Every structure is written in C-alpha cells, then in structure tokens.
file start.txt (compact mmCIF, C-alpha atoms)
# COMPACT_ATOMS: atom_id res chain seq x y z
CA MET A 23 -78.62 -56.32 38.28
CA SER A 24 -78.01 -54.20 35.18
CA VAL A 25 -75.56 -55.24 32.47
CA ARG A 26 -72.58 -52.93 32.30
CA LEU A 27 -70.44 -52.79 29.17
CA TYR A 28 -67.20 -51.87 30.94
CA HIS A 29 -63.74 -52.96 29.81
CA LYS A 30 -60.16 -52.27 30.79
CA GLU A 31 -57.15 -52.79 28.54
CA VAL A 32 -53.46 -52.07 29.10
CA LEU A 33 -51.33 -51.13 26.11
CA ASP A 34 -47.87 -52.68 25.79
CA ASN A 35 -46.28 -49.46 27.06
CA GLY A 36 -48.42 -49.38 30.22
CA ILE A 37 -51.12 -46.87 29.23
CA ARG A 38 -54.47 -47.96 30.65
CA VAL A 39 -57.63 -47.70 28.55
CA VAL A 40 -60.99 -47.88 30.34
CA THR A 41 -64.25 -47.84 28.39
CA GLU A 42 -67.96 -48.03 29.04
CA GLU A 43 -70.34 -48.52 26.14
CA ILE A 44 -73.72 -46.82 26.46
CA PRO A 45 -75.60 -47.85 23.31
CA PHE A 46 -78.75 -45.80 23.96
CA VAL A 47 -77.03 -42.37 23.77
CA LYS A 48 -75.82 -40.42 20.74
CA SER A 49 -72.68 -38.93 22.25
CA ALA A 50 -69.27 -40.11 23.38
CA SER A 51 -66.77 -38.53 25.76
CA LEU A 52 -63.05 -39.16 25.61
CA GLY A 53 -60.42 -38.12 28.14
CA ILE A 54 -56.66 -38.45 28.46
CA TRP A 55 -55.85 -38.27 32.17
CA VAL A 56 -52.34 -37.93 33.57
CA ASP A 57 -51.57 -38.69 37.21
CA VAL A 58 -49.60 -35.45 37.52
CA GLY A 59 -50.79 -32.22 39.12
CA SER A 60 -49.61 -29.16 40.95
CA ARG A 61 -48.54 -31.12 44.04
CA ASP A 62 -45.93 -32.89 41.88
CA GLU A 63 -44.06 -29.66 41.13
CA SER A 64 -40.92 -28.40 42.81
CA GLU A 65 -40.77 -24.80 44.03
CA ASP A 66 -39.24 -23.59 40.76
CA GLU A 67 -41.83 -25.53 38.74
CA ALA A 68 -44.91 -24.12 40.49
CA GLY A 69 -47.55 -23.73 37.77
CA LEU A 70 -45.93 -25.87 35.07
CA SER A 71 -48.62 -28.59 35.12
CA HIS A 72 -51.24 -25.94 34.37
CA PHE A 73 -48.98 -24.25 31.79
CA VAL A 74 -48.54 -27.57 29.95
CA GLU A 75 -52.32 -28.00 29.94
CA HIS A 76 -52.69 -24.65 28.15
CA MET A 77 -49.88 -25.28 25.69
CA LEU A 78 -51.28 -28.54 24.34
CA PHE A 79 -53.95 -26.46 22.57
CA LYS A 80 -51.48 -24.04 20.98
CA GLY A 81 -50.40 -25.96 17.93
CA THR A 82 -48.86 -29.26 16.84
CA SER A 83 -46.58 -30.26 13.99
CA ARG A 84 -49.76 -30.95 11.99
CA ARG A 85 -52.26 -28.33 13.16
CA THR A 86 -52.11 -24.69 14.18
CA ALA A 87 -54.02 -23.47 17.24
CA ALA A 88 -56.64 -21.96 14.93
CA GLN A 89 -57.03 -25.22 13.02
CA ILE A 90 -57.52 -27.13 16.27
CA ALA A 91 -60.33 -24.78 17.29
CA GLN A 92 -61.92 -24.82 13.82
CA GLU A 93 -61.81 -28.60 13.59
CA MET A 94 -63.47 -29.09 16.96
CA ASP A 95 -66.13 -26.47 16.22
CA GLY A 96 -66.76 -28.20 12.91
CA LEU A 97 -67.46 -31.42 14.76
CA GLY A 98 -70.02 -29.63 16.92
CA GLY A 99 -68.25 -30.89 20.03
CA ASP A 100 -66.64 -29.57 23.18
CA LEU A 101 -62.87 -29.72 23.75
CA ASN A 102 -61.40 -28.72 27.10
CA ALA A 103 -58.87 -29.50 29.83
CA PHE A 104 -58.18 -28.90 33.50
CA THR A 105 -55.39 -29.19 36.03
CA SER A 106 -55.97 -30.22 39.62
CA ARG A 107 -53.60 -30.85 42.50
CA GLU A 108 -53.23 -34.51 41.53
CA SER A 109 -54.06 -34.83 37.84
CA THR A 110 -54.23 -33.15 34.45
CA ALA A 111 -56.97 -34.07 31.98
CA PHE A 112 -57.61 -33.32 28.31
CA TYR A 113 -61.10 -34.27 27.17
CA ALA A 114 -63.76 -33.89 24.50
CA LYS A 115 -67.42 -34.68 24.00
CA VAL A 116 -68.88 -35.23 20.52
CA VAL A 117 -71.68 -37.02 18.75
CA ASP A 118 -70.71 -40.65 18.30
CA GLU A 119 -70.07 -40.46 14.56
CA HIS A 120 -67.23 -37.99 15.17
CA LEU A 121 -65.43 -39.94 17.88
CA SER A 122 -62.74 -41.38 15.61
CA GLN A 123 -61.76 -37.92 14.35
CA THR A 124 -61.75 -36.64 17.94
CA VAL A 125 -59.44 -39.44 19.08
CA SER A 126 -57.02 -38.48 16.30
CA LEU A 127 -57.21 -34.82 17.28
CA LEU A 128 -56.56 -35.43 21.00
CA ALA A 129 -53.73 -37.83 20.19
CA ASP A 130 -52.14 -35.16 17.99
CA LEU A 131 -52.36 -32.57 20.78
CA PHE A 132 -50.96 -34.98 23.32
CA ARG A 133 -48.13 -36.37 21.24
CA HIS A 134 -47.15 -33.71 18.71
CA SER A 135 -47.53 -30.31 20.38
CA VAL A 136 -44.58 -28.10 19.37
CA PHE A 137 -44.55 -25.61 22.28
CA SER A 138 -43.66 -22.70 20.04
CA PRO A 139 -41.66 -19.99 21.87
CA VAL A 140 -43.99 -17.39 20.36
CA GLU A 141 -47.04 -19.20 21.75
CA ILE A 142 -45.31 -19.66 25.11
CA GLU A 143 -44.77 -15.91 25.46
CA ARG A 144 -48.37 -15.24 24.48
CA GLU A 145 -49.68 -17.83 26.95
CA LYS A 146 -47.62 -16.35 29.76
CA ARG A 147 -49.71 -13.21 29.48
CA VAL A 148 -52.94 -15.24 29.44
CA ILE A 149 -52.03 -17.17 32.59
CA LEU A 150 -50.83 -14.07 34.40
CA GLU A 151 -54.25 -12.56 33.67
CA GLU A 152 -55.86 -15.74 35.01
CA ILE A 153 -53.91 -15.32 38.24
CA LYS A 154 -55.15 -11.72 38.46
CA MET A 155 -58.72 -12.97 38.00
CA VAL A 156 -58.35 -15.14 41.09
CA GLU A 157 -57.02 -12.14 43.02
CA ASP A 158 -60.15 -10.24 42.00
CA ASP A 159 -62.52 -13.07 43.01
CA PRO A 160 -62.58 -13.30 46.82
CA GLU A 161 -64.26 -16.70 46.90
CA ASP A 162 -61.60 -18.24 44.66
CA LEU A 163 -58.79 -16.41 46.41
CA ILE A 164 -59.70 -17.42 49.94
CA HIS A 165 -59.78 -21.11 49.02
CA ASP A 166 -56.24 -20.80 47.66
CA LEU A 167 -55.17 -18.94 50.80
CA HIS A 168 -56.87 -21.51 53.00
CA THR A 169 -55.21 -24.47 51.31
CA ALA A 170 -51.84 -22.75 51.72
CA ASN A 171 -52.67 -22.06 55.37
CA VAL A 172 -53.63 -25.66 56.15
CA TRP A 173 -50.84 -27.33 54.15
CA SER A 174 -48.10 -24.74 54.43
CA GLY A 175 -44.70 -26.05 53.37
CA ASN A 176 -46.06 -28.80 51.12
CA PRO A 177 -46.56 -28.53 47.33
CA ILE A 178 -50.22 -29.56 47.72
CA GLY A 179 -50.82 -26.24 49.48
CA ARG A 180 -49.64 -24.09 46.56
CA PRO A 181 -52.08 -22.54 44.06
CA ILE A 182 -52.64 -24.66 40.96
CA LEU A 183 -52.01 -21.64 38.71
CA GLY A 184 -48.52 -21.33 40.15
CA LYS A 185 -46.16 -18.51 41.02
CA VAL A 186 -45.85 -15.36 38.92
CA SER A 187 -42.04 -15.58 38.91
CA VAL A 188 -42.14 -19.15 37.59
CA ILE A 189 -44.69 -18.33 34.89
CA ARG A 190 -42.56 -15.45 33.67
CA SER A 191 -39.51 -17.71 33.44
CA VAL A 192 -41.12 -20.54 31.43
CA THR A 193 -39.23 -21.57 28.30
CA HIS A 194 -39.60 -24.24 25.64
CA ARG A 195 -36.81 -26.23 27.26
CA LYS A 196 -38.40 -26.02 30.69
CA ILE A 197 -41.75 -27.34 29.41
CA VAL A 198 -40.21 -30.21 27.46
CA ASP A 199 -37.96 -31.14 30.36
CA TYR A 200 -40.96 -31.18 32.74
CA ILE A 201 -42.95 -33.45 30.41
CA ASP A 202 -39.90 -35.68 29.91
CA ARG A 203 -39.73 -36.35 33.62
CA LYS A 204 -43.38 -36.39 34.59
CA TYR A 205 -45.52 -37.83 31.81
CA ARG A 206 -44.88 -41.57 32.02
CA PRO A 207 -47.07 -44.12 30.17
CA GLU A 208 -48.04 -45.88 33.41
CA GLN A 209 -49.28 -42.53 34.75
CA ILE A 210 -51.78 -42.18 31.88
CA VAL A 211 -55.39 -43.34 31.67
CA ILE A 212 -57.47 -42.98 28.50
CA SER A 213 -61.15 -43.05 29.36
CA VAL A 214 -64.09 -43.32 26.95
CA ALA A 215 -67.82 -43.45 27.73
CA GLY A 216 -70.79 -43.33 25.37
CA ARG A 217 -71.71 -44.84 22.06
CA PHE A 218 -68.86 -46.39 20.06
CA HIS A 219 -67.59 -49.62 18.52
CA ARG A 220 -65.10 -50.91 21.06
CA THR A 221 -62.96 -53.05 18.76
CA ALA A 222 -62.42 -50.24 16.25
CA LEU A 223 -61.83 -47.71 19.03
CA LEU A 224 -59.19 -49.85 20.77
CA LYS A 225 -57.38 -50.48 17.49
CA GLN A 226 -57.20 -46.75 16.84
CA ILE A 227 -56.04 -45.92 20.37
CA ASP A 228 -53.40 -48.65 20.25
CA ARG A 229 -52.12 -47.41 16.89
CA LEU A 230 -51.90 -43.80 18.07
CA PHE A 231 -50.50 -44.38 21.58
CA ARG A 232 -48.63 -47.71 21.66
CA THR A 233 -45.22 -46.15 20.98
CA PHE A 234 -45.70 -43.38 23.54
CA GLY A 235 -42.75 -43.49 25.92
CA ILE A 236 -40.93 -46.11 23.85
CA LYS A 237 -39.84 -44.53 20.57
CA ASP A 238 -40.27 -40.86 21.40
CA SER A 239 -36.88 -39.43 22.36
CA ARG A 240 -38.58 -36.70 24.40
CA TRP A 241 -39.82 -39.28 26.94
CA ARG A 242 -36.55 -41.09 27.64
CA ARG A 243 -35.55 -39.19 30.78
CA ALA A 244 -38.67 -39.88 32.82
CA GLU A 245 -38.15 -40.13 36.56
CA PRO A 246 -37.72 -43.84 37.32
CA ALA A 247 -39.52 -43.67 40.67
CA GLY A 248 -42.73 -42.27 39.15
CA THR A 249 -44.60 -39.16 40.19
CA ALA A 250 -46.67 -40.75 42.95
CA ALA A 251 -43.50 -41.82 44.80
CA LEU A 252 -42.33 -38.23 44.93
CA ARG A 253 -45.38 -36.94 46.81
CA ARG A 254 -45.00 -36.04 50.48
CA ILE A 255 -47.93 -36.53 52.85
CA PRO A 256 -48.78 -33.01 54.07
CA GLN A 257 -48.84 -32.04 57.71
CA THR A 258 -52.23 -30.48 58.49
CA ASN A 259 -51.75 -27.21 60.35
CA GLY A 260 -54.42 -25.80 62.63
CA ARG A 261 -53.72 -22.09 62.64
CA LEU A 262 -54.96 -18.60 61.83
CA PHE A 263 -54.17 -16.74 58.63
CA ILE A 264 -55.50 -13.23 57.91
CA ARG A 265 -55.18 -11.22 54.73
CA ARG A 266 -56.61 -7.75 54.89
CA LYS A 267 -58.16 -6.53 51.66
CA ARG A 268 -60.60 -3.77 50.81
CA LEU A 269 -63.84 -5.66 50.13
CA GLU A 270 -67.51 -5.25 50.96
CA GLN A 271 -67.60 -8.59 52.79
CA THR A 272 -65.27 -10.59 54.98
CA HIS A 273 -64.69 -14.09 53.61
CA LEU A 274 -64.01 -17.02 55.91
CA CYS A 275 -62.80 -20.59 55.65
CA LEU A 276 -62.92 -22.84 58.71
CA GLY A 277 -61.10 -26.08 58.03
CA PHE A 278 -60.84 -29.48 59.70
CA PRO A 279 -58.76 -32.51 58.72
CA GLY A 280 -60.59 -34.79 56.31
CA LEU A 281 -59.84 -38.27 55.02
CA PRO A 282 -57.97 -39.55 51.96
CA LEU A 283 -60.22 -40.12 48.97
CA THR A 284 -59.51 -43.86 49.14
CA HIS A 285 -60.43 -44.21 52.83
CA GLY A 286 -62.98 -46.84 53.79
CA ASP A 287 -65.12 -44.14 55.43
CA ARG A 288 -65.23 -41.92 52.34
CA TYR A 289 -68.98 -42.31 51.86
CA GLY A 290 -69.50 -41.47 55.50
CA ILE A 291 -67.62 -38.19 55.14
CA TYR A 292 -69.63 -37.41 52.00
CA ALA A 293 -72.78 -37.80 54.10
CA LEU A 294 -71.34 -35.72 56.96
CA ASN A 295 -70.44 -32.93 54.54
CA THR A 296 -73.91 -33.06 52.98
CA LEU A 297 -75.81 -32.74 56.23
CA LEU A 298 -73.40 -30.16 57.64
CA GLY A 299 -73.35 -27.71 54.74
CA GLY A 300 -73.88 -29.52 51.45
CA GLY A 301 -77.33 -28.25 50.52
CA MET A 302 -80.25 -25.99 51.33
CA SER A 303 -81.54 -28.37 54.01
CA SER A 304 -78.13 -28.62 55.69
CA ARG A 305 -77.61 -27.49 59.27
CA LEU A 306 -75.37 -24.54 58.41
CA PHE A 307 -77.58 -23.21 55.63
CA GLN A 308 -80.73 -23.47 57.70
CA GLU A 309 -79.25 -22.09 60.91
CA ILE A 310 -77.14 -19.23 59.54
CA ARG A 311 -78.87 -18.11 56.37
CA GLU A 312 -82.50 -19.15 56.71
CA LYS A 313 -83.09 -18.65 60.45
CA ARG A 314 -80.79 -15.69 61.10
CA GLY A 315 -80.21 -14.09 57.68
CA LEU A 316 -76.54 -13.50 58.50
CA VAL A 317 -75.12 -14.46 55.09
CA TYR A 318 -76.03 -14.98 51.47
CA SER A 319 -73.50 -17.74 50.91
CA ILE A 320 -72.44 -20.51 53.28
CA TYR A 321 -71.53 -24.11 52.52
CA SER A 322 -69.16 -26.92 53.41
CA GLN A 323 -67.08 -29.01 51.05
CA PHE A 324 -64.87 -32.07 51.27
CA ALA A 325 -61.61 -32.17 49.30
CA GLY A 326 -60.09 -35.64 49.17
CA PHE A 327 -56.69 -36.67 47.81
CA LYS A 328 -54.70 -39.89 47.69
CA ASP A 329 -53.13 -39.45 51.11
CA THR A 330 -55.02 -36.65 52.85
CA GLY A 331 -58.19 -34.59 52.89
CA MET A 332 -59.86 -31.49 54.26
CA LEU A 333 -63.40 -30.57 55.31
CA THR A 334 -63.99 -26.82 54.95
CA VAL A 335 -66.80 -24.44 55.81
CA TYR A 336 -66.94 -21.28 53.68
CA ALA A 337 -68.96 -18.17 54.43
CA ALA A 338 -69.03 -14.52 53.35
CA ALA A 339 -70.58 -11.92 55.64
CA SER A 340 -70.72 -8.25 56.46
CA PRO A 341 -67.69 -7.42 58.66
CA LYS A 342 -69.95 -6.56 61.60
CA MET A 343 -71.60 -10.00 61.36
CA VAL A 344 -68.39 -12.06 61.18
CA ARG A 345 -68.15 -12.73 64.90
CA GLN A 346 -71.72 -14.00 65.05
CA VAL A 347 -71.32 -16.12 61.90
CA ILE A 348 -68.23 -17.83 63.33
CA ASN A 349 -69.81 -18.44 66.72
CA VAL A 350 -73.00 -19.90 65.25
CA THR A 351 -70.97 -22.05 62.85
CA MET A 352 -68.93 -23.43 65.73
CA ARG A 353 -72.13 -24.00 67.71
CA VAL A 354 -73.57 -26.03 64.82
CA ILE A 355 -70.36 -28.04 64.62
CA ARG A 356 -70.29 -28.58 68.38
CA MET A 357 -73.91 -29.77 68.34
CA ALA A 358 -73.05 -32.23 65.57
CA ARG A 359 -70.32 -33.67 67.77
CA GLU A 360 -72.30 -33.72 70.99
CA ARG A 361 -75.71 -34.81 69.75
CA HIS A 362 -76.59 -37.84 67.72
CA ILE A 363 -77.23 -37.30 64.03
CA ARG A 364 -80.95 -37.47 63.40
CA GLN A 365 -82.19 -40.31 61.24
CA ASP A 366 -84.30 -38.00 59.07
CA GLU A 367 -81.40 -35.71 58.13
CA LEU A 368 -79.11 -38.69 57.49
CA ALA A 369 -81.77 -40.18 55.22
CA ARG A 370 -81.94 -36.89 53.29
CA ALA A 371 -78.16 -36.82 52.94
CA VAL A 372 -78.10 -40.41 51.70
CA ASP A 373 -80.86 -39.73 49.19
CA GLN A 374 -79.04 -36.59 48.02
CA LEU A 375 -75.83 -38.57 47.43
CA LYS A 376 -77.67 -41.27 45.52
CA GLY A 377 -79.59 -38.72 43.48
CA ASN A 378 -76.40 -36.90 42.47
CA ILE A 379 -74.84 -40.16 41.30
CA LEU A 380 -77.89 -41.31 39.39
CA LEU A 381 -78.30 -37.95 37.66
CA SER A 382 -74.61 -37.94 36.67
CA LEU A 383 -75.18 -41.22 34.79
CA GLU A 384 -77.11 -39.26 32.14
CA SER A 385 -73.88 -37.46 31.14
CA THR A 386 -71.22 -39.28 29.14
CA ASN A 387 -68.74 -36.68 30.40
CA SER A 388 -69.51 -37.59 34.00
CA ARG A 389 -69.24 -41.29 33.27
CA MET A 390 -65.93 -40.80 31.48
CA SER A 391 -64.57 -38.81 34.43
CA ARG A 392 -65.80 -41.40 36.90
CA LEU A 393 -64.08 -44.20 34.98
CA ALA A 394 -60.79 -42.31 34.94
CA LYS A 395 -60.86 -41.30 38.60
CA ASP A 396 -61.74 -44.82 39.73
CA GLU A 397 -58.78 -46.15 37.77
CA LEU A 398 -56.35 -43.47 38.98
CA TYR A 399 -57.32 -43.79 42.65
CA PHE A 400 -58.34 -47.43 42.99
CA GLY A 401 -56.99 -49.25 39.95
CA ARG A 402 -60.47 -50.60 39.21
CA SER A 403 -64.00 -49.49 38.40
CA PHE A 404 -66.97 -49.67 40.74
CA THR A 405 -70.38 -50.70 39.48
CA LEU A 406 -73.43 -48.60 40.25
CA GLU A 407 -74.72 -51.40 42.46
CA GLU A 408 -71.48 -51.39 44.49
CA THR A 409 -71.55 -47.63 44.93
CA LEU A 410 -75.21 -47.47 45.93
CA GLY A 411 -74.64 -50.41 48.24
CA GLU A 412 -71.86 -48.55 50.06
CA ILE A 413 -74.00 -45.43 50.36
CA ASN A 414 -76.88 -47.48 51.76
CA LYS A 415 -74.52 -48.80 54.44
CA ILE A 416 -73.95 -45.30 55.87
CA SER A 417 -75.14 -45.31 59.47
CA LYS A 418 -75.72 -42.77 62.21
CA ARG A 419 -73.00 -44.48 64.23
CA GLN A 420 -70.47 -44.08 61.42
CA VAL A 421 -71.26 -40.41 60.80
CA GLN A 422 -71.24 -39.65 64.53
CA ARG A 423 -67.83 -41.29 64.82
CA LEU A 424 -66.54 -39.12 61.97
CA CYS A 425 -67.96 -36.02 63.69
CA ASP A 426 -66.03 -36.89 66.84
CA LEU A 427 -62.86 -37.70 64.91
CA LEU A 428 -62.75 -34.82 62.45
CA LEU A 429 -64.74 -31.87 63.83
CA ASP A 430 -62.39 -31.29 66.73
CA PRO A 431 -61.97 -27.56 67.54
CA ARG A 432 -58.37 -28.28 68.54
CA LYS A 433 -57.68 -29.20 64.90
CA LEU A 434 -59.42 -26.14 63.44
CA SER A 435 -57.73 -23.78 61.00
CA LEU A 436 -59.18 -20.36 60.16
CA THR A 437 -58.49 -18.23 57.10
CA VAL A 438 -59.90 -14.69 56.85
CA LEU A 439 -59.92 -12.39 53.81
CA GLY A 440 -61.26 -8.85 53.65
CA PRO A 441 -61.97 -6.14 56.22
CA VAL A 442 -60.50 -7.28 59.54
CA PRO A 443 -60.15 -5.25 62.77
CA ALA A 444 -56.64 -4.37 63.93
CA ASP A 445 -57.16 -6.40 67.09
CA ILE A 446 -57.06 -10.04 65.97
CA ARG A 447 -57.14 -11.51 69.48
CA PRO A 448 -60.82 -12.52 69.11
CA PHE A 449 -59.87 -14.60 66.06
CA GLN A 450 -56.98 -16.15 67.93
CA SER A 451 -59.34 -17.10 70.73
CA LEU A 452 -61.27 -19.29 68.30
CA LEU A 453 -58.30 -21.63 67.93
CA SER A 454 -57.89 -21.95 71.69
CA ASN A 455 -61.45 -22.29 72.96
CA GLY A 456 -63.65 -22.84 69.90
CA ARG A 457 -65.40 -19.48 69.84
CA ILE A 458 -64.82 -15.79 69.18
CA ASP A 459 -64.47 -13.92 72.44
CA GLY A 460 -65.65 -10.39 73.15
call {"tool": "encode", "arguments": {"input": "start.txt", "output": "structure tokens"}}
result
Amino acid sequence: MSVRLYHKEVLDNGIRVVTEEIPFVKSASLGIWVDVGSRDESEDEAGLSHFVEHMLFKGTSRRTAAQIAQEMDGLGGDLNAFTSRESTAFYAKVVDEHLSQTVSLLADLFRHSVFSPVEIEREKRVILEEIKMVEDDPEDLIHDLHTANVWSGNPIGRPILGKVSVIRSVTHRKIVDYIDRKYRPEQIVISVAGRFHRTALLKQIDRLFRTFGIKDSRWRRAEPAGTAALRRIPQTNGRLFIRRKRLEQTHLCLGFPGLPLTHGDRYGIYALNTLLGGGMSSRLFQEIREKRGLVYSIYSQFAGFKDTGMLTVYAAASPKMVRQVINVTMRVIRMARERHIRQDELARAVDQLKGNILLSLESTNSRMSRLAKDELYFGRSFTLEETLGEINKISKRQVQRLCDLLLDPRKLSLTVLGPVPADIRPFQSLLSNGRIDG
C-alpha cells in the first residue's frame, strides 16, 4: 500500500484545512471552497453566489483588480474560480516556490475585497453578457432548462448565473449582507495539494485565516442554522417542457432520477452512466451515432448532490430525426432494464472509471479538488486504495438493480429546445408509454 502524505487540521474558528504533499512534483494547487452555491439563494438572491465569485477578483483594500492579475501572471500561475449549485471555489495553481505568495494573494481576495460600487456596475454588464452567451449556446441552455424542468419550484433548479432582474439590482449592501449570512467559517475548506512544506504552510494559513468570522464585523450576522440546514430536498418532476427556438438542430434532454452523491451505490451509478452513454463504446453512442448516424453528439451524465441526483441523456439531431432518436434511446434504456448487463461492457466501464481516477492523480489541481469535495461531502478523505476497492466491487447485479430502480419510463422527464412541430402529442406520448407515437 502506498504512503499518502494527507493531513487534516481545523483552525480555532472552524475552518478546515486539508493537505496532501506530493514531493515528486514541482507545482502546488490551493483552493478555498465554500459550502454555498446557487441552491442556497432565495428568489431575490438568484445569482448572488456567482456574482460574489466574480467580485472577489475586482479589487481589495491592498490590491486593485489590475494588480491582482499582474501579480498572478508574474508568478506564472493560474488563478480562477467557479460557482456550482452547492459550492463556490477560488483556486490557484503555481510552481511550488510561489505557493506562499499565492496563499497571501488568495487570502487577500477572500478577506479584504472592497466590492466597489463602480466595479459592481461594470460586473453587472459582464454577467448579463454571460447569461446571453448561455442563451446563444443551445447545449448549455437546454441543460439549464432541463434542470428547471426536473426540479421546478426548488432553488436547485434555477440557473447558476441567476435572474436578470436580480443581477441588475445588485448593490454593495446586498453583496455584503449575503456574505454576512452565508460565508461561515465551518462552511469553508482550504485544500492544498502538491509540493510544499506543511509546517510553514499551516502557520501561514492559520495566521491569515484564524480570525475569520471572529474579529471581522462583516461576519457577525451569519445565519445560526448554517447554509446546509436551509436546503430543501427537491421533488423530482417527470414531465415535458418544450421551448421553441429557431435553430438548425433540435436539442433533447431525457432525465431520470439519480442518487445523492453520498449514496452507497454511487460507484454503481457511475458505472451505469459510463456504459449507457459515458464514452465512445457506450450503448447510446454505438447504437445511435455509430450504427445509425442519427446524431453527431449524444451522451449521458450523472449529476449528484448532497440529497438528490439526476441521470440525463443529451442528444442533438435534425428535427426530422428527433422521433427516431428518442425511440432508439428509449429502446436502449429498455434493453438495459430488461436484459442483464454484459460482463465485458461492465469490465470496460470499470476500467474506464479507474483510468480516469488514476490519470487525475497526475494533476495537483485534480487532487486539490478531490480533497475538498471529499471533505465537503463526507467529512473525510478516501485513499486511492479505498476508491479503487469500491470500484472493483461493482457487480452486474448492482448495476442491473440500479437500471431497474432508476431507468423507469414512468419517472422520465423530457426537455426539448429548438424546432418543434405544433402538434406536441407525440412528445406527450413518450411520458405515458415510453415511446414517441406516430
């Protein structure tokens, strides 16, 4: 068994620090992860998590936005951030000798951003353009529409970028108030992977973050229940949603209930997704693209969250081919439920999962992200041996059981974007009998 240089520390204020030393590399990746995402927003806050992510790069009491960019470029590193439905992350990757300076830079962004009204107004325009970009990208747009279709009425179903009306109304006070209530020390994980001196790194992190949430007046009004307690488990809706739009192709999402990311069968659903539509050898790719040439793009994906999940098939096809694409897709799904999973395709799926994990170990960014996600979702880190052991336990019986449980046509939801005939009864028939009539 390999020796793993993993450690977890908890600062006095509750911030968790997880590290993994990799002495044979020359880089280090650092991330500050907050257990707050778009599903934690109220209706009149829709998009604030993402707006905050943008604003942390727009100047602090010590650095202007230009100085932040120049400093990071001068280090030869990569500085970035993202917002998801359940978390917000600010991260950087640099050569190991510049890690200390990078820690100081990220701490400054996280603790001393000023949220200048001038920068807020400028960033409103940027984010409104980002929303327009999604509208112009059918593949991005349909996934937003599909999530809203499946989880209608729950914040997890709203687009991460938010609502135009909310973005236009953002003010300095609104941002600071949102951070006051949402960014609690116990919601924060600092993750580091790569080459570094752990003792020196922990001393620096402790010095820069130990008073967070204690002495800062801006953090005194945090919600006592914590963000996670405010989340509502979404009701999964099996229904049809159609948005007509002038496009060359019709875009489709067929969705089934998934599993929470922490579920004991999570590796089984990873394997099911892989053999269904997760690669070029998958059933959907081979049957619909390779054998019939009906589409250029078709795949399945699993989206897992703390309390729910969704398994989705995406395809884009010529409008005249849509009916056939849907019927063949449902036939593939029905065959997966009715026939036993073949041992050879399961073995390929297992090998693909293991290969993806092993290849990700060569990236300090991937390792840093893995550390943080394990801590946020499980409160612990899994060794490579544990993970590979769980993947090796995947069985035909387990995957077949998940097929029967999840791929139920009665639980299907369908989202359609693009050219659609006026008569939508054939689409409605899919939800009642598992195929397109006519």
call {"tool": "residues_around", "arguments": {"input": "start.txt", "residues": "Ile37 of chain A", "least_positions_apart": "6", "cutoff": "7 Å", "atoms": "only C-alpha atoms", "output": "ChimeraX atom specification"}}
result
/A:207-208,210-211
call {"tool": "closest_residue", "arguments": {"input": "start.txt", "among": "A:Ile320, A:Val156, A:Leu276, A:Ala50", "to": "Lys115 of chain A", "atoms": "only C-alpha atoms"}}
result
A:Ala50
call {"tool": "atom_distance", "arguments": {"input": "start.txt", "atom1": "atom CA of Gly69 of chain A", "atom2": "atom CA of Lys185 of chain A"}}
result
6.3 Å
call {"tool": "closest_atom_pairs", "arguments": {"input": "start.txt", "of": "segment 136-244 of chain A", "to": "segment 252-264 of chain A", "cutoff": "9 Å", "atoms": "all atoms listed in the file", "output": "CSV"}}
result
residue,atom,partner,partner_atom,distance
A:Leu167,CA,A:Phe263,CA,8.2
A:His168,CA,A:Phe263,CA,7.9
A:Asn171,CA,A:Phe263,CA,6.4
A:Val172,CA,A:Asn259,CA,4.9
A:Trp173,CA,A:Thr258,CA,5.5
A:Ser174,CA,A:Asn259,CA,7.4
A:Gly175,CA,A:Pro256,CA,8.1
A:Asn176,CA,A:Pro256,CA,5.8
A:Pro177,CA,A:Arg254,CA,8.3
A:Ile178,CA,A:Pro256,CA,7.4
A:Gly179,CA,A:Pro256,CA,8.4
call {"tool": "write_last_selection", "arguments": {"input": "start.txt", "atoms": "C-alpha atoms", "output": "PDB file, in the frame of the given file"}}
result
ATOM      1  CA  LEU A 167     -55.170 -18.940  50.800  1.00  0.00           C
ATOM      2  CA  HIS A 168     -56.870 -21.510  53.000  1.00  0.00           C
ATOM      3  CA  ASN A 171     -52.670 -22.060  55.370  1.00  0.00           C
ATOM      4  CA  VAL A 172     -53.630 -25.660  56.150  1.00  0.00           C
ATOM      5  CA  TRP A 173     -50.840 -27.330  54.150  1.00  0.00           C
ATOM      6  CA  SER A 174     -48.100 -24.740  54.430  1.00  0.00           C
ATOM      7  CA  GLY A 175     -44.700 -26.050  53.370  1.00  0.00           C
ATOM      8  CA  ASN A 176     -46.060 -28.800  51.120  1.00  0.00           C
ATOM      9  CA  PRO A 177     -46.560 -28.530  47.330  1.00  0.00           C
ATOM     10  CA  ILE A 178     -50.220 -29.560  47.720  1.00  0.00           C
ATOM     11  CA  GLY A 179     -50.820 -26.240  49.480  1.00  0.00           C
TER      12      GLY A 179
END
call {"tool": "closest_atom_pairs", "arguments": {"input": "start.txt", "of": "segment 106-224 of chain A", "to": "segment 94-100 of chain A", "cutoff": "12 Å", "atoms": "all atoms listed in the file", "output": "tab-separated table"}}
result
residue	atom	partner	partner_atom	distance
A:Phe112	CA	A:Asp100	CA	11.0
A:Tyr113	CA	A:Asp100	CA	8.3
A:Ala114	CA	A:Asp100	CA	5.4
A:Lys115	CA	A:Asp100	CA	5.2
A:Val116	CA	A:Gly99	CA	4.4
A:Val117	CA	A:Gly99	CA	7.1
A:Asp118	CA	A:Gly99	CA	10.2
A:Glu119	CA	A:Leu97	CA	9.4
A:His120	CA	A:Leu97	CA	6.6
A:Leu121	CA	A:Leu97	CA	9.3
A:Ser122	CA	A:Leu97	CA	11.1
A:Gln123	CA	A:Leu97	CA	8.7
A:Thr124	CA	A:Met94	CA	7.8
A:Val125	CA	A:Met94	CA	11.3
A:Ser126	CA	A:Met94	CA	11.4
A:Leu127	CA	A:Met94	CA	8.5
A:Leu128	CA	A:Met94	CA	10.2
call {"tool": "closest_residue", "arguments": {"input": "start.txt", "among": "A:Arg229, A:Ser454, A:Ser403, A:Leu183", "to": "His29 of chain A", "atoms": "only C-alpha atoms"}}
result
A:Ser403
call {"tool": "closest_residue", "arguments": {"input": "start.txt", "among": "A:Gln308, A:Gln346, A:Ser322, A:Ser340", "to": "Glu270 of chain A", "atoms": "only C-alpha atoms"}}
result
A:Ser340
call {"tool": "residues_around", "arguments": {"input": "start.txt", "residues": "Arg232 of chain A", "least_positions_apart": "2", "cutoff": "12 Å", "atoms": "only C-alpha atoms", "output": "ChimeraX atom specification"}}
result
/A:32-39,129,133,207-208,224-230,234-238
call {"tool": "closest_residue", "arguments": {"input": "start.txt", "among": "A:Ala358, A:Ile201, A:Met332, A:Met390", "to": "Arg423 of chain A", "atoms": "all atoms listed in the file"}}
result
A:Ala358
call {"tool": "closest_residue", "arguments": {"input": "start.txt", "among": "A:Phe73, A:Phe449, A:Tyr321, A:Trp55", "to": "Val192 of chain A", "atoms": "all atoms listed in the file"}}
result
A:Phe73
call {"tool": "residues_near_point", "arguments": {"input": "start.txt", "point": "(-68.2, -40.8, 31.2)", "cutoff": "8 Å", "atoms": "only C-alpha atoms", "output": "PyMOL selection string"}}
result
chain A and resi 42+50-52+213-216+383+385-393
